[in-house]
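Chemist: The structure file coords_5.pdb (PDB, C-alpha atoms, pLDDT in the B column) is provided below.
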ATOM      1  CA  MET H  82      -7.343   1.365   0.242  1.00 29.00           C
ATOM      2  CA  ALA H  83      -7.154   5.099   0.764  1.00 31.00           C
ATOM      3  CA  ARG H  84      -8.035   7.249  -2.206  1.00 30.00           C
ATOM      4  CA  ILE H  85      -5.806  10.029  -3.454  1.00 30.00           C
ATOM      5  CA  THR H  86      -7.649  13.308  -3.733  1.00 30.00           C
ATOM      6  CA  GLY H  87      -8.084  14.529  -7.285  1.00 34.00           C
ATOM      7  CA  LYS H  88      -7.071  11.330  -9.080  1.00 41.00           C
ATOM      8  CA  ARG H  89      -7.702   7.589  -9.101  1.00 46.00           C
ATOM      9  CA  ALA H  90      -6.059   5.670  -6.274  1.00 45.00           C
ATOM     10  CA  THR H  91      -3.028   3.703  -7.424  1.00 51.00           C
ATOM     11  CA  LEU H  92      -1.994   0.230  -6.391  1.00 63.00           C
ATOM     12  CA  ASP H  93       1.168  -1.281  -5.028  1.00 65.00           C
ATOM     13  CA  LYS H  94       4.025  -1.287  -7.557  1.00 67.00           C
ATOM     14  CA  ASN H  95       3.919  -5.098  -7.619  1.00 77.00           C
ATOM     15  CA  SER H  96       0.145  -5.373  -8.114  1.00 88.00           C
ATOM     16  CA  ILE H  97      -0.948  -7.935 -10.702  1.00 90.00           C
ATOM     17  CA  ALA H  98      -4.191  -8.291 -12.657  1.00 91.00           C
ATOM     18  CA  VAL H  99      -5.042 -11.385 -14.689  1.00 91.00           C
ATOM     19  CA  ILE H 100      -7.597 -11.141 -17.483  1.00 90.00           C
ATOM     20  CA  GLY H 101      -9.276 -14.316 -18.674  1.00 85.00           C
ATOM     21  CA  GLU H 102     -10.755 -14.400 -22.147  1.00 82.00           C
ATOM     22  CA  GLY H 103     -13.775 -16.477 -21.163  1.00 82.00           C
ATOM     23  CA  LEU H 104     -15.630 -18.444 -18.515  1.00 86.00           C
ATOM     24  CA  THR H 105     -13.123 -21.298 -18.406  1.00 92.00           C
ATOM     25  CA  GLU H 106     -10.230 -19.011 -17.545  1.00 90.00           C
ATOM     26  CA  GLN H 107     -12.237 -17.167 -14.926  1.00 87.00           C
ATOM     27  CA  TYR H 108     -13.394 -20.240 -13.050  1.00 91.00           C
ATOM     28  CA  TYR H 109     -10.030 -21.963 -13.274  1.00 94.00           C
ATOM     29  CA  LEU H 110      -7.996 -18.980 -12.092  1.00 90.00           C
ATOM     30  CA  GLN H 111     -10.320 -18.308  -9.193  1.00 89.00           C
ATOM     31  CA  SER H 112      -9.761 -21.902  -8.013  1.00 94.00           C
ATOM     32  CA  ILE H 113      -5.962 -21.555  -7.736  1.00 91.00           C
ATOM     33  CA  PRO H 114      -5.153 -20.995  -4.041  1.00 87.00           C
ATOM     34  CA  ASN H 115      -1.667 -19.488  -4.315  1.00 85.00           C
ATOM     35  CA  ILE H 116      -1.860 -16.871  -7.059  1.00 84.00           C
ATOM     36  CA  LYS H 117      -0.614 -13.449  -5.972  1.00 83.00           C
ATOM     37  CA  ALA H 118      -2.873 -11.606  -8.379  1.00 82.00           C
ATOM     38  CA  GLN H 119      -6.329 -10.138  -8.780  1.00 81.00           C
ATOM     39  CA  ILE H 120      -8.434 -12.033 -11.298  1.00 79.00           C
ATOM     40  CA  THR H 121     -10.545  -9.718 -13.400  1.00 68.00           C
ATOM     41  CA  PRO H 122     -13.424  -9.605 -13.801  1.00 61.00           C
ATOM     42  CA  LYS H 123     -14.004 -11.108 -10.354  1.00 59.00           C
ATOM     43  CA  LEU H 124     -17.253 -12.707 -11.484  1.00 49.00           C
ATOM     44  CA  PRO H 125     -17.297 -14.484 -14.856  1.00 48.00           C
ATOM     45  CA  LYS H 126     -19.027 -12.559 -17.597  1.00 54.00           C
ATOM     46  CA  HIS H 127     -20.342 -13.782 -20.899  1.00 53.00           C
ATOM     47  CA  SER H 128     -18.861 -10.835 -22.803  1.00 55.00           C
ATOM     48  CA  THR H 129     -15.957 -11.945 -24.969  1.00 65.00           C
ATOM     49  CA  GLY H 130     -14.096 -10.737 -28.023  1.00 80.00           C
ATOM     50  CA  TYR H 131     -11.375  -8.260 -28.761  1.00 87.00           C
ATOM     51  CA  LYS H 132     -13.252  -5.187 -27.579  1.00 88.00           C
ATOM     52  CA  PHE H 133     -13.902  -6.904 -24.243  1.00 87.00           C
ATOM     53  CA  LEU H 134     -10.197  -7.727 -23.885  1.00 91.00           C
ATOM     54  CA  GLU H 135      -9.051  -4.260 -24.883  1.00 94.00           C
ATOM     55  CA  ASP H 136     -11.554  -2.618 -22.533  1.00 92.00           C
ATOM     56  CA  LYS H 137     -10.395  -4.811 -19.621  1.00 92.00           C
ATOM     57  CA  ILE H 138      -6.732  -4.114 -20.354  1.00 94.00           C
ATOM     58  CA  LYS H 139      -7.370  -0.370 -20.463  1.00 95.00           C
ATOM     59  CA  GLU H 140      -9.407  -0.577 -17.260  1.00 93.00           C
ATOM     60  CA  CYS H 141      -6.528  -2.324 -15.474  1.00 93.00           C
ATOM     61  CA  ILE H 142      -4.059   0.251 -16.798  1.00 95.00           C
ATOM     62  CA  ASP H 143      -6.300   3.030 -15.503  1.00 93.00           C
ATOM     63  CA  GLU H 144      -6.585   1.302 -12.120  1.00 92.00           C
ATOM     64  CA  GLY H 145      -2.802   1.309 -11.788  1.00 92.00           C
ATOM     65  CA  PHE H 146      -1.897  -2.393 -11.942  1.00 93.00           C
ATOM     66  CA  SER H 147       1.839  -2.710 -12.529  1.00 93.00           C
ATOM     67  CA  LYS H 148       1.486  -6.093 -14.252  1.00 94.00           C
ATOM     68  CA  ILE H 149      -1.400  -7.145 -16.489  1.00 94.00           C
ATOM     69  CA  TYR H 150      -1.448 -10.725 -17.730  1.00 94.00           C
ATOM     70  CA  VAL H 151      -3.901 -11.809 -20.431  1.00 94.00           C
ATOM     71  CA  LEU H 152      -4.752 -15.480 -21.076  1.00 94.00           C
ATOM     72  CA  ILE H 153      -5.575 -16.211 -24.706  1.00 94.00           C
ATOM     73  CA  ASP H 154      -7.270 -19.163 -26.439  1.00 94.00           C
ATOM     74  CA  MET H 155      -5.988 -19.611 -29.988  1.00 94.00           C
ATOM     75  CA  ASP H 156      -8.658 -21.951 -31.363  1.00 91.00           C
ATOM     76  CA  ASN H 157     -10.978 -19.134 -32.476  1.00 88.00           C
ATOM     77  CA  LYS H 158      -8.184 -17.266 -34.230  1.00 90.00           C
ATOM     78  CA  LYS H 159      -7.562 -19.641 -37.116  1.00 86.00           C
ATOM     79  CA  ASN H 160      -9.092 -17.789 -40.046  1.00 91.00           C
ATOM     80  CA  ALA H 161      -7.231 -14.842 -41.505  1.00 92.00           C
ATOM     81  CA  SER H 162      -9.689 -12.163 -40.404  1.00 91.00           C
ATOM     82  CA  GLU H 163      -9.816 -13.258 -36.760  1.00 91.00           C
ATOM     83  CA  ARG H 164      -6.070 -13.821 -36.622  1.00 93.00           C
ATOM     84  CA  ASP H 165      -5.412 -10.334 -38.015  1.00 95.00           C
ATOM     85  CA  LYS H 166      -7.690  -8.805 -35.357  1.00 94.00           C
ATOM     86  CA  TYR H 167      -5.920 -10.755 -32.633  1.00 95.00           C
ATOM     87  CA  LEU H 168      -2.444  -9.867 -33.874  1.00 96.00           C
ATOM     88  CA  ALA H 169      -3.439  -6.187 -34.002  1.00 97.00           C
ATOM     89  CA  LEU H 170      -4.495  -6.380 -30.351  1.00 97.00           C
ATOM     90  CA  LYS H 171      -1.382  -8.341 -29.385  1.00 97.00           C
ATOM     91  CA  ASN H 172       0.933  -5.939 -31.197  1.00 98.00           C
ATOM     92  CA  LYS H 173      -0.746  -3.037 -29.422  1.00 97.00           C
ATOM     93  CA  PHE H 174      -0.290  -4.386 -25.899  1.00 98.00           C
ATOM     94  CA  HIS H 175       1.886  -7.517 -25.611  1.00 98.00           C
ATOM     95  CA  ASN H 176       5.265  -6.891 -23.978  1.00 98.00           C
ATOM     96  CA  LYS H 177       4.445  -3.194 -23.854  1.00 98.00           C
ATOM     97  CA  ILE H 178       4.592  -0.774 -20.936  1.00 97.00           C
ATOM     98  CA  LYS H 179       1.748   1.725 -20.823  1.00 96.00           C
ATOM     99  CA  GLN H 180       2.057   4.834 -18.688  1.00 94.00           C
ATOM    100  CA  VAL H 181      -0.608   7.018 -17.108  1.00 93.00           C
ATOM    101  CA  LYS H 182       1.409  10.154 -16.485  1.00 91.00           C
ATOM    102  CA  SER H 183      -1.352  11.940 -14.568  1.00 90.00           C
ATOM    103  CA  GLN H 184      -1.247   9.134 -12.003  1.00 88.00           C
ATOM    104  CA  GLY H 185       2.455   8.425 -12.133  1.00 91.00           C
ATOM    105  CA  THR H 186       1.790   4.750 -12.916  1.00 92.00           C
ATOM    106  CA  GLU H 187       2.985   2.325 -15.544  1.00 95.00           C
ATOM    107  CA  SER H 188       1.688  -1.113 -16.503  1.00 96.00           C
ATOM    108  CA  GLU H 189       3.486  -3.974 -18.211  1.00 97.00           C
ATOM    109  CA  ILE H 190       1.190  -6.177 -20.308  1.00 97.00           C
ATOM    110  CA  ILE H 191       1.989  -9.779 -21.289  1.00 97.00           C
ATOM    111  CA  PHE H 192      -0.156 -12.218 -23.272  1.00 97.00           C
ATOM    112  CA  PHE H 193      -0.057 -15.981 -22.608  1.00 97.00           C
ATOM    113  CA  GLU H 194      -1.407 -18.283 -25.300  1.00 97.00           C
ATOM    114  CA  ASN H 195      -2.979 -21.740 -25.188  1.00 97.00           C
ATOM    115  CA  GLU H 196      -3.489 -23.695 -28.401  1.00 97.00           C
ATOM    116  CA  ARG H 197      -6.072 -24.848 -29.005  1.00 96.00           C
ATOM    117  CA  CYS H 198      -7.375 -23.499 -25.691  1.00 96.00           C
ATOM    118  CA  LEU H 199      -6.946 -23.721 -21.917  1.00 97.00           C
ATOM    119  CA  GLU H 200      -8.081 -27.347 -22.069  1.00 98.00           C
ATOM    120  CA  THR H 201      -4.633 -28.147 -23.521  1.00 98.00           C
ATOM    121  CA  TRP H 202      -3.193 -27.060 -20.175  1.00 98.00           C
ATOM    122  CA  PHE H 203      -5.769 -29.181 -18.378  1.00 98.00           C
ATOM    123  CA  LEU H 204      -4.827 -32.220 -20.489  1.00 98.00           C
ATOM    124  CA  PHE H 205      -1.157 -31.707 -19.632  1.00 98.00           C
ATOM    125  CA  HIS H 206      -2.105 -32.426 -16.016  1.00 98.00           C
ATOM    126  CA  PHE H 207      -2.734 -36.025 -17.089  1.00 98.00           C
ATOM    127  CA  LYS H 208      -0.527 -36.743 -20.113  1.00 98.00           C
ATOM    128  CA  ASP H 209       1.990 -35.315 -22.548  1.00 97.00           C
ATOM    129  CA  THR H 210       0.902 -35.100 -26.148  1.00 97.00           C
ATOM    130  CA  SER H 211       1.963 -33.445 -29.377  1.00 96.00           C
ATOM    131  CA  THR H 212      -1.209 -34.526 -31.185  1.00 96.00           C
ATOM    132  CA  GLU H 213      -2.743 -31.850 -33.377  1.00 96.00           C
ATOM    133  CA  PHE H 214      -6.396 -31.555 -32.391  1.00 96.00           C
ATOM    134  CA  THR H 215      -8.544 -30.375 -35.274  1.00 93.00           C
ATOM    135  CA  SER H 216     -11.190 -28.898 -32.995  1.00 94.00           C
ATOM    136  CA  GLN H 217     -11.783 -27.930 -29.394  1.00 95.00           C
ATOM    137  CA  GLY H 218     -14.273 -30.784 -29.244  1.00 96.00           C
ATOM    138  CA  ASP H 219     -11.587 -33.339 -30.139  1.00 97.00           C
ATOM    139  CA  LEU H 220      -9.338 -31.948 -27.418  1.00 98.00           C
ATOM    140  CA  ILE H 221     -12.112 -32.119 -24.815  1.00 98.00           C
ATOM    141  CA  LYS H 222     -12.878 -35.678 -25.932  1.00 97.00           C
ATOM    142  CA  GLU H 223      -9.275 -36.605 -25.117  1.00 98.00           C
ATOM    143  CA  LEU H 224      -9.447 -34.820 -21.757  1.00 98.00           C
ATOM    144  CA  LYS H 225     -12.630 -36.749 -20.910  1.00 98.00           C
ATOM    145  CA  LYS H 226     -10.641 -39.992 -21.082  1.00 98.00           C
ATOM    146  CA  HIS H 227      -9.057 -38.874 -17.809  1.00 98.00           C
ATOM    147  CA  CYS H 228     -11.929 -37.096 -16.035  1.00 98.00           C
ATOM    148  CA  ASP H 229     -15.493 -35.978 -16.525  1.00 97.00           C
ATOM    149  CA  TYR H 230     -15.400 -32.557 -18.151  1.00 98.00           C
ATOM    150  CA  GLU H 231     -17.859 -30.161 -19.719  1.00 97.00           C
ATOM    151  CA  LYS H 232     -17.174 -26.653 -20.929  1.00 95.00           C
ATOM    152  CA  SER H 233     -20.139 -25.147 -19.133  1.00 94.00           C
ATOM    153  CA  GLU H 234     -20.755 -22.872 -16.188  1.00 92.00           C
ATOM    154  CA  LYS H 235     -22.923 -25.544 -14.568  1.00 96.00           C
ATOM    155  CA  PHE H 236     -20.050 -28.035 -14.643  1.00 98.00           C
ATOM    156  CA  PHE H 237     -17.462 -25.505 -13.435  1.00 96.00           C
ATOM    157  CA  LEU H 238     -19.666 -24.707 -10.434  1.00 96.00           C
ATOM    158  CA  SER H 239     -20.230 -28.393  -9.698  1.00 97.00           C
ATOM    159  CA  THR H 240     -16.473 -29.062  -9.346  1.00 97.00           C
ATOM    160  CA  ARG H 241     -16.193 -26.632  -6.400  1.00 95.00           C
ATOM    161  CA  GLY H 242     -12.857 -25.546  -7.859  1.00 96.00           C
ATOM    162  CA  LEU H 243     -11.452 -26.711 -11.216  1.00 97.00           C
ATOM    163  CA  HIS H 244      -7.883 -26.895  -9.957  1.00 97.00           C
ATOM    164  CA  GLN H 245      -8.856 -29.041  -7.002  1.00 97.00           C
ATOM    165  CA  TYR H 246     -11.041 -31.206  -9.254  1.00 98.00           C
ATOM    166  CA  PHE H 247      -8.164 -32.079 -11.592  1.00 98.00           C
ATOM    167  CA  ILE H 248      -5.928 -32.969  -8.653  1.00 98.00           C
ATOM    168  CA  ARG H 249      -8.639 -35.219  -7.170  1.00 98.00           C
ATOM    169  CA  LYS H 250      -8.899 -36.983 -10.514  1.00 98.00           C
ATOM    170  CA  GLY H 251      -5.176 -37.767 -10.574  1.00 98.00           C
ATOM    171  CA  GLY H 252      -3.858 -34.730 -12.426  1.00 98.00           C
ATOM    172  CA  ASP H 253      -0.534 -33.197 -11.392  1.00 98.00           C
ATOM    173  CA  LEU H 254       0.289 -29.486 -11.588  1.00 97.00           C
ATOM    174  CA  ASN H 255       4.058 -29.971 -11.700  1.00 97.00           C
ATOM    175  CA  ASN H 256       3.713 -32.446 -14.570  1.00 98.00           C
ATOM    176  CA  ALA H 257       1.503 -29.951 -16.388  1.00 98.00           C
ATOM    177  CA  LYS H 258       4.170 -27.269 -16.000  1.00 98.00           C
ATOM    178  CA  HIS H 259       6.884 -29.577 -17.336  1.00 98.00           C
ATOM    179  CA  ARG H 260       4.773 -30.685 -20.293  1.00 98.00           C
ATOM    180  CA  ALA H 261       3.820 -27.098 -21.111  1.00 98.00           C
ATOM    181  CA  THR H 262       7.511 -26.179 -21.212  1.00 98.00           C
ATOM    182  CA  GLU H 263       8.198 -29.100 -23.541  1.00 98.00           C
ATOM    183  CA  SER H 264       5.327 -27.999 -25.791  1.00 98.00           C
ATOM    184  CA  LEU H 265       6.984 -24.582 -26.190  1.00 98.00           C
ATOM    185  CA  GLU H 266      10.295 -26.239 -26.997  1.00 97.00           C
ATOM    186  CA  ARG H 267       8.541 -28.152 -29.784  1.00 96.00           C
ATOM    187  CA  LYS H 268       7.024 -24.892 -30.993  1.00 95.00           C
ATOM    188  CA  ASN H 269      10.153 -22.756 -30.821  1.00 95.00           C
ATOM    189  CA  GLU H 270      12.732 -25.305 -31.909  1.00 94.00           C
ATOM    190  CA  HIS H 271      10.757 -27.426 -34.354  1.00 94.00           C
ATOM    191  CA  GLY H 272       8.005 -25.094 -35.551  1.00 93.00           C
ATOM    192  CA  ILE H 273       5.167 -27.213 -34.139  1.00 93.00           C
ATOM    193  CA  ASP H 274       2.674 -24.397 -33.623  1.00 92.00           C
ATOM    194  CA  TYR H 275      -0.173 -26.474 -32.185  1.00 95.00           C
ATOM    195  CA  THR H 276      -1.006 -28.152 -28.863  1.00 97.00           C
ATOM    196  CA  TYR H 277       1.095 -25.798 -26.786  1.00 98.00           C
ATOM    197  CA  SER H 278       0.583 -23.842 -23.592  1.00 98.00           C
ATOM    198  CA  GLU H 279       2.370 -20.850 -22.115  1.00 98.00           C
ATOM    199  CA  MET H 280       0.810 -21.443 -18.695  1.00 98.00           C
ATOM    200  CA  ASN H 281       4.055 -22.448 -17.010  1.00 97.00           C
ATOM    201  CA  ASP H 282       5.517 -19.072 -17.949  1.00 97.00           C
ATOM    202  CA  PHE H 283       2.406 -17.485 -16.458  1.00 96.00           C
ATOM    203  CA  PHE H 284       2.703 -19.453 -13.212  1.00 95.00           C
ATOM    204  CA  LYS H 285       6.341 -18.449 -12.822  1.00 94.00           C
ATOM    205  CA  LEU H 286       5.177 -14.839 -12.574  1.00 93.00           C
ATOM    206  CA  VAL H 287       2.075 -15.147 -10.389  1.00 92.00           C
ATOM    207  CA  GLU H 288       2.640 -18.107  -8.101  1.00 87.00           C
ATOM    208  CA  ARG H 289       3.436 -17.415  -4.474  1.00 75.00           C
ATOM    209  CA  ARG H 290       6.727 -18.972  -3.410  1.00 63.00           C
ATOM    210  CA  ASN H 291       7.507 -20.245   0.041  1.00 50.00           C
ATOM    211  CA  GLU H 292      10.593 -18.453   1.301  1.00 40.00           C
TER     212      GLU H 292
END
The structure in this file should be written as structure tokens.
Modeler:
Amino acid sequence: MARITGKRATLDKNSIAVIGEGLTEQYYLQSIPNIKAQITPKLPKHSTGYKFLEDKIKECIDEGFSKIYVLIDMDNKKNASERDKYLALKNKFHNKIKQVKSQGTESEIIFFENERCLETWFLFHFKDTSTEFTSQGDLIKELKKHCDYEKSEKFFLSTRGLHQYFIRKGGDLNNAKHRATESLERKNEHGIDYTYSEMNDFFKLVERRNE
């Protein structure tokens, strides 16, 4: 990419960056073959937390991405203090357009939540459920009824692609999308604010379509 003299090089107006909150998101996203987006950071990092997310969002704004999508786990945002910090970050960036006038760029930022965590989306590959899991461990225990799973970098590397691993074990991406949509209907129409995933909305925006 050619650089513009005197200012940071800008990207295509349809450029997309996806920020994962942790290792799980990073390894999973990098295994999806048909995402028209740059996953950031490219290599998983152990830095997490709100400062990490805000720094990555600002970095992507500065780099000129027109769309910035942030994947969020909700399980560590249950107590009042953590939830307030998260809502402050969300209110600052979610569904906002941030401009860098010196570069002539603008970035739209959207957050996508998973409750309790991304493993809810993984479970939807195998079954529909509206069970309220009291911990991430209980959710993973349910997922392990359908496939071996560990929330560790060693395991993620051993799968040679999380997406491909779930498909080999009998999971189905289209079923996951349908079940995620139903989980949001339960949330929005019936106030069931647990065991939901906004990943289908995310895929609608980043998935390459065959013309």
Chemist: For this structure, which residues satisfy the selection - the PyMOL selection byres ((chain H and resi 106) around 12) - when it is evaluated on the file as given? I want them as a ChimeraX atom specification.
Modeler: /H:99-105,107-113,120-127,129,151-154,193-195,198-200,202-203,232-234,237,242-244,280
Chemist: Write the residues of the selection above to a file with C-alpha atoms, as a tab-separated table (two decimals), in the coordinates of the input.
Modeler:
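Everything below was put into out-v9.tsv:
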chain	number	residue	atom	x	y	z
H	99	VAL	CA	-5.04	-11.38	-14.69
H	100	ILE	CA	-7.60	-11.14	-17.48
H	101	GLY	CA	-9.28	-14.32	-18.67
H	102	GLU	CA	-10.76	-14.40	-22.15
H	103	GLY	CA	-13.78	-16.48	-21.16
H	104	LEU	CA	-15.63	-18.44	-18.52
H	105	THR	CA	-13.12	-21.30	-18.41
H	107	GLN	CA	-12.24	-17.17	-14.93
H	108	TYR	CA	-13.39	-20.24	-13.05
H	109	TYR	CA	-10.03	-21.96	-13.27
H	110	LEU	CA	-8.00	-18.98	-12.09
H	111	GLN	CA	-10.32	-18.31	-9.19
H	112	SER	CA	-9.76	-21.90	-8.01
H	113	ILE	CA	-5.96	-21.56	-7.74
H	120	ILE	CA	-8.43	-12.03	-11.30
H	121	THR	CA	-10.54	-9.72	-13.40
H	122	PRO	CA	-13.42	-9.60	-13.80
H	123	LYS	CA	-14.00	-11.11	-10.35
H	124	LEU	CA	-17.25	-12.71	-11.48
H	125	PRO	CA	-17.30	-14.48	-14.86
H	126	LYS	CA	-19.03	-12.56	-17.60
H	127	HIS	CA	-20.34	-13.78	-20.90
H	129	THR	CA	-15.96	-11.94	-24.97
H	151	VAL	CA	-3.90	-11.81	-20.43
H	152	LEU	CA	-4.75	-15.48	-21.08
H	153	ILE	CA	-5.58	-16.21	-24.71
H	154	ASP	CA	-7.27	-19.16	-26.44
H	193	PHE	CA	-0.06	-15.98	-22.61
H	194	GLU	CA	-1.41	-18.28	-25.30
H	195	ASN	CA	-2.98	-21.74	-25.19
H	198	CYS	CA	-7.38	-23.50	-25.69
H	199	LEU	CA	-6.95	-23.72	-21.92
H	200	GLU	CA	-8.08	-27.35	-22.07
H	202	TRP	CA	-3.19	-27.06	-20.18
H	203	PHE	CA	-5.77	-29.18	-18.38
H	232	LYS	CA	-17.17	-26.65	-20.93
H	233	SER	CA	-20.14	-25.15	-19.13
H	234	GLU	CA	-20.76	-22.87	-16.19
H	237	PHE	CA	-17.46	-25.50	-13.44
H	242	GLY	CA	-12.86	-25.55	-7.86
H	243	LEU	CA	-11.45	-26.71	-11.22
H	244	HIS	CA	-7.88	-26.90	-9.96
H	280	MET	CA	0.81	-21.44	-18.70
Chemist: Name every residue that the PyMOL selection byres ((chain H and resi 138) around 12) selects in this structure, writing the answer as number ranges by chain with chains first and numbers rising.
Modeler: H: 97-102, 121-122, 131-137, 139-152, 170-171, 173-175, 177-179, 188-192
Chemist: Separation of CA of Lys250 in chain H and CA of Ala118 in chain H, in Å?
Modeler: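 Distance reported for this atom pair: 26.2 Å.
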Chemist: Hey, can you check how far CA of Phe283 in chain H sits from CA of Asp156 in chain H?
Modeler: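 That distance, rounded to one decimal, is 19.1 Å.
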Chemist: What does the distance between CA of Phe247 in chain H and CA of Lys285 in chain H come to in Å, to one decimal place?
Modeler: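 That distance, rounded to one decimal, is 19.9 Å.
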Chemist: Of the candidates H:Tyr277, H:His271, H:Asn95, H:Lys117, which one gets nearest to Thr186 in chain H if we count only C-alpha atoms?
Modeler: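 Smallest separation from Thr186 in chain H among the options: H:Asn95.
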